[in-house]
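Chemist: File name data-v1.txt; file contents compact mmCIF, C-alpha atoms and all ligand atoms; full text below.
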# COMPACT_ATOMS: atom_id res chain seq x y z
CA MET I 13 4.41 12.37 25.55
CA SER I 14 3.54 8.80 24.46
CA LEU I 15 -0.12 8.80 23.49
CA SER I 16 -2.37 5.80 23.06
CA GLY I 17 -4.73 5.55 20.14
CA PRO I 18 -5.76 3.71 17.00
CA ILE I 19 -3.39 2.19 14.45
CA GLY I 20 -3.17 4.61 11.51
CA VAL I 21 -3.49 3.24 7.98
CA PHE I 22 -2.64 5.57 5.11
CA ASP I 23 -3.00 5.51 1.34
CA SER I 24 -3.11 8.07 -1.45
CA GLY I 25 -6.75 7.08 -1.92
CA TYR I 26 -8.69 3.84 -1.83
CA GLY I 27 -6.00 1.20 -2.32
CA GLY I 28 -4.98 0.95 1.33
CA LEU I 29 -8.48 -0.28 2.11
CA THR I 30 -7.52 -3.64 0.54
CA ILE I 31 -4.75 -3.85 3.14
CA LEU I 32 -6.89 -2.60 6.03
CA LYS I 33 -9.51 -5.25 5.23
CA ASP I 34 -6.99 -8.06 5.74
CA ILE I 35 -5.44 -6.39 8.80
CA VAL I 36 -8.83 -6.04 10.51
CA HIS I 37 -9.64 -9.66 9.67
CA ARG I 38 -6.33 -10.79 11.19
CA LEU I 39 -6.25 -8.37 14.17
CA PRO I 40 -9.90 -7.44 14.87
CA ASP I 41 -9.46 -6.18 18.44
CA TYR I 42 -7.55 -2.99 17.67
CA ASP I 43 -8.93 0.44 16.73
CA TYR I 44 -8.01 1.66 13.25
CA LEU I 45 -7.97 5.12 11.69
CA TYR I 46 -7.82 5.21 7.87
CA LEU I 47 -6.90 8.26 5.79
CA GLY I 48 -7.15 8.38 1.99
CA ASP I 49 -5.55 11.45 0.45
CA ASN I 50 -8.01 11.31 -2.47
CA ALA I 51 -7.78 15.04 -3.14
CA ARG I 52 -4.14 14.62 -4.18
CA SER I 53 -4.17 11.08 -5.60
CA PRO I 54 -2.78 9.42 -7.62
CA TYR I 55 0.66 9.56 -6.05
CA GLY I 56 2.16 7.15 -8.63
CA PRO I 57 3.25 9.73 -11.22
CA ARG I 58 4.36 12.38 -8.68
CA SER I 59 7.96 13.30 -7.82
CA PHE I 60 9.81 11.92 -4.80
CA ASP I 61 9.64 15.26 -3.03
CA THR I 62 5.92 15.73 -3.58
CA VAL I 63 5.06 12.22 -2.35
CA TYR I 64 7.34 12.74 0.64
CA GLN I 65 5.78 16.11 1.56
CA TYR I 66 2.19 14.84 1.21
CA THR I 67 2.91 11.65 3.15
CA LEU I 68 4.70 13.50 5.94
CA GLN I 69 1.77 15.91 6.34
CA CYS I 70 -0.59 12.96 6.68
CA VAL I 71 1.68 11.10 9.11
CA LYS I 72 1.76 14.20 11.35
CA TRP I 73 -2.04 14.28 11.28
CA PHE I 74 -2.16 10.63 12.44
CA PHE I 75 0.19 11.51 15.31
CA GLU I 76 -2.03 14.46 16.30
CA LYS I 77 -4.91 11.99 16.42
CA GLY I 78 -2.89 9.92 18.91
CA CYS I 79 -1.81 7.04 16.66
CA PRO I 80 1.34 5.42 18.07
CA LEU I 81 1.84 3.42 14.86
CA VAL I 82 1.11 4.33 11.24
CA ILE I 83 1.15 1.87 8.35
CA LEU I 84 1.80 3.37 4.92
CA ALA I 85 -0.55 1.00 3.07
CA CYS I 86 0.62 2.49 -0.21
CA ASN I 87 3.61 1.15 -2.12
CA THR I 88 4.33 4.52 -3.72
CA ALA I 89 4.49 6.30 -0.35
CA SER I 90 6.47 3.39 1.13
CA ALA I 91 8.94 3.61 -1.76
CA LYS I 92 9.33 7.37 -1.86
CA ALA I 93 8.72 8.68 1.65
CA LEU I 94 9.09 5.99 4.31
CA ARG I 95 12.86 5.91 4.72
CA THR I 96 13.20 9.70 5.02
CA ILE I 97 10.32 9.88 7.49
CA GLN I 98 11.79 7.05 9.60
CA GLN I 99 15.34 8.37 9.56
CA ASN I 100 15.01 12.16 9.42
CA ASP I 101 11.57 13.18 10.68
CA LEU I 102 10.51 10.66 13.30
CA PRO I 103 13.40 11.34 15.70
CA ASN I 104 12.36 15.03 15.78
CA ILE I 105 8.58 14.95 15.62
CA ALA I 106 7.64 11.79 17.55
CA PRO I 107 10.58 9.62 18.60
CA SER I 108 8.43 7.07 20.42
CA ASN I 109 6.03 6.55 17.49
CA ARG I 110 6.58 4.23 14.53
CA VAL I 111 5.82 4.33 10.80
CA LEU I 112 5.95 1.10 8.79
CA GLY I 113 5.51 0.40 5.08
CA VAL I 114 4.33 -2.44 2.88
CA ILE I 115 7.41 -3.09 0.73
CA ARG I 116 9.75 -4.67 3.24
CA PRO I 117 7.27 -7.27 4.63
CA THR I 118 6.42 -8.25 1.06
CA ALA I 119 10.05 -8.44 -0.04
CA GLU I 120 10.85 -10.64 2.99
CA ILE I 121 8.55 -13.39 1.76
CA ILE I 122 8.01 -13.11 -2.00
CA GLY I 123 11.07 -15.19 -2.97
CA LYS I 124 9.56 -18.23 -1.24
CA TYR I 125 6.80 -18.44 -3.85
CA SER I 126 9.11 -18.78 -6.86
CA LYS I 127 10.59 -22.03 -8.18
CA THR I 128 12.13 -20.57 -11.36
CA GLY I 129 13.82 -17.74 -9.43
CA ASN I 130 12.11 -15.15 -11.66
CA VAL I 131 9.70 -12.77 -9.93
CA GLY I 132 7.68 -10.06 -11.68
CA VAL I 133 6.55 -6.89 -9.95
CA LEU I 134 3.61 -4.86 -11.31
CA ALA I 135 3.40 -1.40 -9.73
CA THR I 136 3.02 2.33 -10.29
CA LYS I 137 5.66 4.25 -12.19
CA GLY I 138 6.88 5.81 -8.94
CA THR I 139 7.39 2.46 -7.20
CA VAL I 140 9.14 0.97 -10.26
CA LEU I 141 11.47 3.95 -10.70
CA SER I 142 12.42 3.87 -7.01
CA LYS I 143 13.74 0.29 -7.53
CA SER I 144 12.68 -0.36 -3.91
CA TYR I 145 11.40 -3.86 -4.67
CA VAL I 146 14.54 -4.86 -6.56
CA LEU I 147 16.77 -3.65 -3.71
CA GLU I 148 14.65 -5.05 -0.87
CA ILE I 149 14.02 -8.46 -2.47
CA HIS I 150 17.76 -8.86 -3.13
CA LYS I 151 18.49 -8.27 0.56
CA PHE I 152 16.44 -11.35 1.45
CA PHE I 153 16.78 -13.42 -1.75
CA PRO I 154 20.04 -12.50 -3.53
CA GLU I 155 19.52 -15.29 -6.09
CA ILE I 156 16.09 -14.09 -7.26
CA HIS I 157 15.81 -12.13 -10.52
CA VAL I 158 13.28 -9.31 -10.25
CA PHE I 159 11.54 -7.90 -13.33
CA GLN I 160 9.40 -4.78 -12.97
CA GLU I 161 6.67 -3.30 -15.13
CA ALA I 162 5.04 0.08 -14.51
CA CYS I 163 1.28 0.11 -15.13
CA PRO I 164 0.40 3.82 -15.11
CA MET I 165 -3.15 3.40 -16.43
CA TRP I 166 -4.32 0.82 -13.91
CA VAL I 167 -4.95 3.08 -10.89
CA PRO I 168 -6.96 5.66 -12.91
CA LEU I 169 -9.01 2.84 -14.48
CA ILE I 170 -9.75 1.27 -11.08
CA GLU I 171 -10.47 4.63 -9.39
CA ASN I 172 -12.95 5.43 -12.19
CA ASN I 173 -14.66 2.06 -11.82
CA GLU I 174 -13.59 1.09 -15.35
CA GLN I 175 -11.79 -2.11 -14.30
CA ASN I 176 -14.25 -4.32 -16.19
CA SER I 177 -14.15 -2.29 -19.41
CA VAL I 178 -12.57 -3.14 -22.75
CA GLY I 179 -10.12 -0.29 -22.07
CA ALA I 180 -8.95 -2.00 -18.86
CA ASP I 181 -8.49 -5.31 -20.73
CA PHE I 182 -6.33 -3.52 -23.28
CA PHE I 183 -3.96 -2.04 -20.69
CA ILE I 184 -3.81 -5.14 -18.47
CA LYS I 185 -2.95 -7.30 -21.50
CA LYS I 186 -0.37 -4.76 -22.70
CA ASN I 187 1.46 -4.49 -19.34
CA THR I 188 1.41 -8.21 -18.51
CA GLU I 189 2.77 -8.99 -21.99
CA GLU I 190 5.50 -6.39 -21.54
CA LEU I 191 6.46 -8.00 -18.22
CA LEU I 192 6.69 -11.45 -19.81
CA THR I 193 8.71 -10.05 -22.72
CA GLN I 194 11.40 -9.23 -20.17
CA GLU I 195 11.51 -12.89 -18.99
CA LYS I 196 9.16 -15.65 -20.07
CA ASN I 197 9.96 -17.92 -17.09
CA ILE I 198 8.46 -15.64 -14.47
CA ASP I 199 6.37 -17.91 -12.22
CA THR I 200 5.41 -15.40 -9.50
CA VAL I 201 3.89 -11.97 -10.05
CA LEU I 202 3.62 -9.55 -7.15
CA LEU I 203 0.90 -6.92 -7.19
CA GLY I 204 3.05 -4.06 -5.88
CA CYS I 205 0.22 -1.55 -5.70
CA THR I 206 -2.60 -1.75 -3.19
CA HIS I 207 -5.21 -0.97 -5.86
CA TYR I 208 -4.42 -4.03 -7.95
CA PRO I 209 -6.17 -6.73 -5.84
CA LEU I 210 -9.41 -5.44 -7.42
CA ILE I 211 -8.22 -6.73 -10.80
CA LYS I 212 -6.33 -9.79 -9.56
CA ASP I 213 -8.49 -12.30 -11.47
CA LYS I 214 -8.21 -10.29 -14.64
CA ILE I 215 -4.42 -10.04 -14.30
CA SER I 216 -4.25 -13.84 -13.78
CA SER I 217 -6.34 -14.38 -16.91
CA PHE I 218 -3.71 -12.60 -19.02
CA LEU I 219 -0.81 -14.59 -17.54
CA PRO I 220 0.13 -18.20 -18.41
CA ALA I 221 -1.63 -20.87 -16.32
CA GLY I 222 0.35 -21.70 -13.20
CA VAL I 223 1.82 -18.23 -12.65
CA LYS I 224 1.13 -17.27 -9.02
CA VAL I 225 -0.30 -13.78 -8.54
CA ILE I 226 0.40 -12.49 -5.04
CA SER I 227 -1.36 -9.56 -3.36
CA GLN I 228 -0.07 -7.98 -0.17
CA GLY I 229 -2.96 -7.78 2.29
CA ASN I 230 -2.37 -11.02 4.17
CA ILE I 231 1.39 -10.63 4.03
CA VAL I 232 1.17 -7.17 5.63
CA ALA I 233 -1.38 -8.38 8.20
CA ASP I 234 0.89 -11.28 9.28
CA SER I 235 3.86 -8.98 9.47
CA LEU I 236 1.96 -6.45 11.59
CA SER I 237 0.86 -9.22 13.92
CA ASP I 238 4.50 -10.29 14.39
CA TYR I 239 5.58 -6.67 14.85
CA LEU I 240 3.04 -6.09 17.62
CA CYS I 241 4.13 -9.30 19.39
CA ASN I 242 7.77 -8.23 19.23
CA HIS I 243 7.20 -4.58 20.24
CA PRO I 244 5.16 -4.45 23.45
CA GLU I 245 6.15 -0.78 23.93
CA ILE I 246 4.07 0.04 20.83
CA GLU I 247 1.44 -2.69 21.20
CA THR I 248 0.38 -1.53 24.67
CA ARG I 249 -0.29 1.96 23.24
CA CYS I 250 -2.62 0.63 20.50
CA THR I 251 -6.16 0.90 21.83
CA LYS I 252 -8.49 -2.07 21.55
CA GLY I 253 -12.10 -1.10 20.89
CA SER I 254 -12.56 -2.96 17.58
CA SER I 255 -13.46 0.30 15.80
CA GLN I 256 -12.60 1.53 12.32
CA SER I 257 -12.92 5.17 11.30
CA PHE I 258 -12.31 6.58 7.87
CA TYR I 259 -11.22 10.01 6.63
CA THR I 260 -10.75 11.33 3.11
CA THR I 261 -9.25 14.60 1.93
CA ASP I 262 -11.84 14.74 -0.89
CA SER I 263 -15.62 14.26 -1.11
CA THR I 264 -17.00 11.92 1.56
CA GLU I 265 -19.90 11.04 -0.72
CA ASP I 266 -17.58 9.83 -3.47
CA PHE I 267 -15.40 8.03 -0.95
CA ASP I 268 -18.32 6.17 0.64
CA ASN I 269 -19.74 5.19 -2.77
CA HIS I 270 -16.44 3.83 -3.96
CA ALA I 271 -14.69 2.56 -0.84
CA SER I 272 -16.84 -0.52 -0.35
CA HIS I 273 -15.45 -2.04 -3.59
CA PHE I 274 -12.02 -2.00 -1.94
CA TYR I 275 -13.03 -2.69 1.67
CA GLY I 276 -15.71 -5.27 1.05
CA ALA I 277 -18.10 -3.59 3.53
CA PRO I 278 -19.94 -0.24 3.75
CA VAL I 279 -17.80 2.73 4.77
CA GLN I 280 -18.85 6.07 6.27
CA SER I 281 -16.11 8.63 6.04
CA LYS I 282 -15.39 12.06 7.49
CA HIS I 283 -13.73 14.90 5.64
CA LEU I 284 -10.23 16.19 6.35
CA ASP I 285 -9.42 19.53 4.75
CA ILE I 286 -5.93 19.42 3.22
CA VAL I 287 -5.52 23.10 4.00
CA LYS I 288 -5.48 22.06 7.66
CA LEU I 289 -2.68 19.53 7.14
N1 LIG I 301 -2.20 2.40 -4.02
C1 LIG I 301 -0.96 3.06 -4.25
C2 LIG I 301 0.20 2.07 -4.20
O1 LIG I 301 0.11 1.04 -3.54
C3 LIG I 301 -0.81 3.86 -5.52
C4 LIG I 301 -1.93 4.66 -6.01
C5 LIG I 301 -1.51 6.00 -6.52
O2 LIG I 301 -0.86 6.09 -7.57
O3 LIG I 301 -1.81 6.95 -5.82
O4 LIG I 301 1.22 2.30 -4.80
Turn this file's structure into structure tokens for me.
Ligand code: DGL
Modeler:
Amino acid sequence: MSLSGPIGVFDSGYGGLTILKDIVHRLPDYDYLYLGDNARSPYGPRSFDTVYQYTLQCVKWFFEKGCPLVILACNTASAKALRTIQQNDLPNIAPSNRVLGVIRPTAEIIGKYSKTGNVGVLATKGTVLSKSYVLEIHKFFPEIHVFQEACPMWVPLIENNEQNSVGADFFIKKNTEELLTQEKNIDTVLLGCTHYPLIKDKISSFLPAGVKVISQGNIVADSLSDYLCNHPEIETRCTKGSSQSFYTTDSTEDFDNHASHFYGAPVQSKHLDIVKL
């Protein structure tokens, strides 16, 4: 049965809210359902299989809620779970539904920002180890050199509201320097984790003047807009009531207190028990 419902937006925790914010700004008429798997975040250091299992459970929940389309607004889940879900699971569990990620739309465009041909990617350990950005960017821009740096401390610092602390400065300086040690002529740095837009200015301040720092929200929003235009069979099943609802697998109080930093507006969440997933 092909249900109609909101567009699902998923992240391991809060980061996907930076993507949802830009999507809602670009496509305000649709209904959106957000799920942050805060009880099991961060996903960045977890194994492929664990990220895949957690993400699949959450995707099934979105489908039960009637979402015809789910966006994995999490680079780690996009890197480690998306392909298997699209190729192995979707044909069995919901062949008429779609699941999209954030890596491909970003890879499609990132090469256009660089003049030196050297692009840096800052991301979680999981995304870096998957090499998804290197592989995807090379499909669209074979001449671009991609340099990656894993920043394992950044998500915990941001999630604990420590992004303006001396400790955060230490780790942001350390990881940006390590990236530039790989190649000093990097002129474009992609924030390949949906948490990082919160520290975009700080990251820029540790990079040489003139280096472009690119976050994904608007890129993903433009790509979703194109996708909906090109896929009327999905678009007509996305309901249009201009609503946004939020779920978290952890404390709603914590989520509501913290989420507005990422979403830029107050959020009132409901709880989803992971035992029920
Ligand atoms: N926001 C997620 C991403 O884009 C990662 C956060 C986490 O490690 O759970 O990769």
Chemist: For a cut-off of 6 Å around (5.7, 15.7, 13.5), file coordinates, pick out all residues using all atoms listed in the file and list them as a list in words.
Modeler: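 Final list of nearby residues, as requested, is Lys72, Ile105 and Ala106 of chain I.
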Chemist: Which distance in Å separates CA of Leu32 (chain I) and CA of Ile19 (chain I), to one decimal?
Modeler: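 Computed distance, CA of Leu32 (chain I) to CA of Ile19 (chain I), equals 10.3 Å.
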Chemist: Counting only C-alpha atoms, what is within 10 Å of region 175-181 of chain I, bar same-chain residues fewer than 6 positions away, as a ChimeraX atom specification?
Modeler: /I:165-169,208,210-211,214-215,218
Chemist: Would you work out the distance separating CA of Ser59 (chain I) from CA of Asp268 (chain I), expressed in Å to one decimal?
Modeler: 28.5 Å
Chemist: Every residue with an atom at most 10 Å from (4.9, 0.7, 4.8) (file coordinates; all atoms listed in the file) is what I'm after, so could you write them as a PyMOL selection string?
Modeler: chain I and resi 21-23+82-91+93-95+111-118+232
Chemist: Would you output that residue set with C-alpha atoms, as a PDB file, in the frame of the given file?
Modeler:
ATOM      1  CA  VAL I  21      -3.490   3.240   7.980  1.00  0.00           C
ATOM      2  CA  PHE I  22      -2.640   5.570   5.110  1.00  0.00           C
ATOM      3  CA  ASP I  23      -3.000   5.510   1.340  1.00  0.00           C
ATOM      4  CA  VAL I  82       1.110   4.330  11.240  1.00  0.00           C
ATOM      5  CA  ILE I  83       1.150   1.870   8.350  1.00  0.00           C
ATOM      6  CA  LEU I  84       1.800   3.370   4.920  1.00  0.00           C
ATOM      7  CA  ALA I  85      -0.550   1.000   3.070  1.00  0.00           C
ATOM      8  CA  CYS I  86       0.620   2.490  -0.210  1.00  0.00           C
ATOM      9  CA  ASN I  87       3.610   1.150  -2.120  1.00  0.00           C
ATOM     10  CA  THR I  88       4.330   4.520  -3.720  1.00  0.00           C
ATOM     11  CA  ALA I  89       4.490   6.300  -0.350  1.00  0.00           C
ATOM     12  CA  SER I  90       6.470   3.390   1.130  1.00  0.00           C
ATOM     13  CA  ALA I  91       8.940   3.610  -1.760  1.00  0.00           C
ATOM     14  CA  ALA I  93       8.720   8.680   1.650  1.00  0.00           C
ATOM     15  CA  LEU I  94       9.090   5.990   4.310  1.00  0.00           C
ATOM     16  CA  ARG I  95      12.860   5.910   4.720  1.00  0.00           C
ATOM     17  CA  VAL I 111       5.820   4.330  10.800  1.00  0.00           C
ATOM     18  CA  LEU I 112       5.950   1.100   8.790  1.00  0.00           C
ATOM     19  CA  GLY I 113       5.510   0.400   5.080  1.00  0.00           C
ATOM     20  CA  VAL I 114       4.330  -2.440   2.880  1.00  0.00           C
ATOM     21  CA  ILE I 115       7.410  -3.090   0.730  1.00  0.00           C
ATOM     22  CA  ARG I 116       9.750  -4.670   3.240  1.00  0.00           C
ATOM     23  CA  PRO I 117       7.270  -7.270   4.630  1.00  0.00           C
ATOM     24  CA  THR I 118       6.420  -8.250   1.060  1.00  0.00           C
ATOM     25  CA  VAL I 232       1.170  -7.170   5.630  1.00  0.00           C
TER      26      VAL I 232
END
Chemist: Residues of chain I within 6 Å of ligand LIG 301 (chain I): nearest atom pair and distance (Å, one decimal) for each, counting all atoms listed in the file, sorted by chain and number, as a tab-separated table?
Modeler:
residue	atom	partner	partner_atom	distance
I:Ser24	CA	I:LIG301	O3	4.7
I:Gly27	CA	I:LIG301	N1	4.3
I:Ser53	CA	I:LIG301	O3	4.8
I:Pro54	CA	I:LIG301	O3	3.2
I:Tyr55	CA	I:LIG301	O3	3.6
I:Gly56	CA	I:LIG301	O2	3.4
I:Cys86	CA	I:LIG301	O1	3.7
I:Asn87	CA	I:LIG301	O4	3.8
I:Thr88	CA	I:LIG301	O4	4.0
I:Thr136	CA	I:LIG301	O4	5.8
I:Val167	CA	I:LIG301	C4	6.0
I:Cys205	CA	I:LIG301	O1	3.4
I:Thr206	CA	I:LIG301	O1	3.9
I:His207	CA	I:LIG301	N1	4.9
Chemist: Write out as a ChimeraX atom specification which residues come within 10 Å of region 150-154 of chain I when counting all atoms listed in the file, dropping same-chain ones fewer than 6 positions away.
Modeler: /I:116,119-124,129,144
Chemist: Would you mind exporting the chosen residues as an mmCIF file, keeping the file's coordinate frame, restricted to C-alpha atoms?
Modeler:
data_model
loop_
_atom_site.group_PDB
_atom_site.id
_atom_site.type_symbol
_atom_site.label_atom_id
_atom_site.label_comp_id
_atom_site.auth_asym_id
_atom_site.auth_seq_id
_atom_site.Cartn_x
_atom_site.Cartn_y
_atom_site.Cartn_z
ATOM 1 C CA ARG I 116 9.750 -4.670 3.240
ATOM 2 C CA ALA I 119 10.050 -8.440 -0.040
ATOM 3 C CA GLU I 120 10.850 -10.640 2.990
ATOM 4 C CA ILE I 121 8.550 -13.390 1.760
ATOM 5 C CA ILE I 122 8.010 -13.110 -2.000
ATOM 6 C CA GLY I 123 11.070 -15.190 -2.970
ATOM 7 C CA LYS I 124 9.560 -18.230 -1.240
ATOM 8 C CA GLY I 129 13.820 -17.740 -9.430
ATOM 9 C CA SER I 144 12.680 -0.360 -3.910
#
Chemist: Under the rule that only C-alpha atoms are counted, which of I:Asn230, I:Ser257, I:Gln160, I:Thr251 is the nearest residue to Val140 (chain I)?
Modeler: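 Closest to Val140 (chain I), using only C-alpha atoms: I:Gln160.
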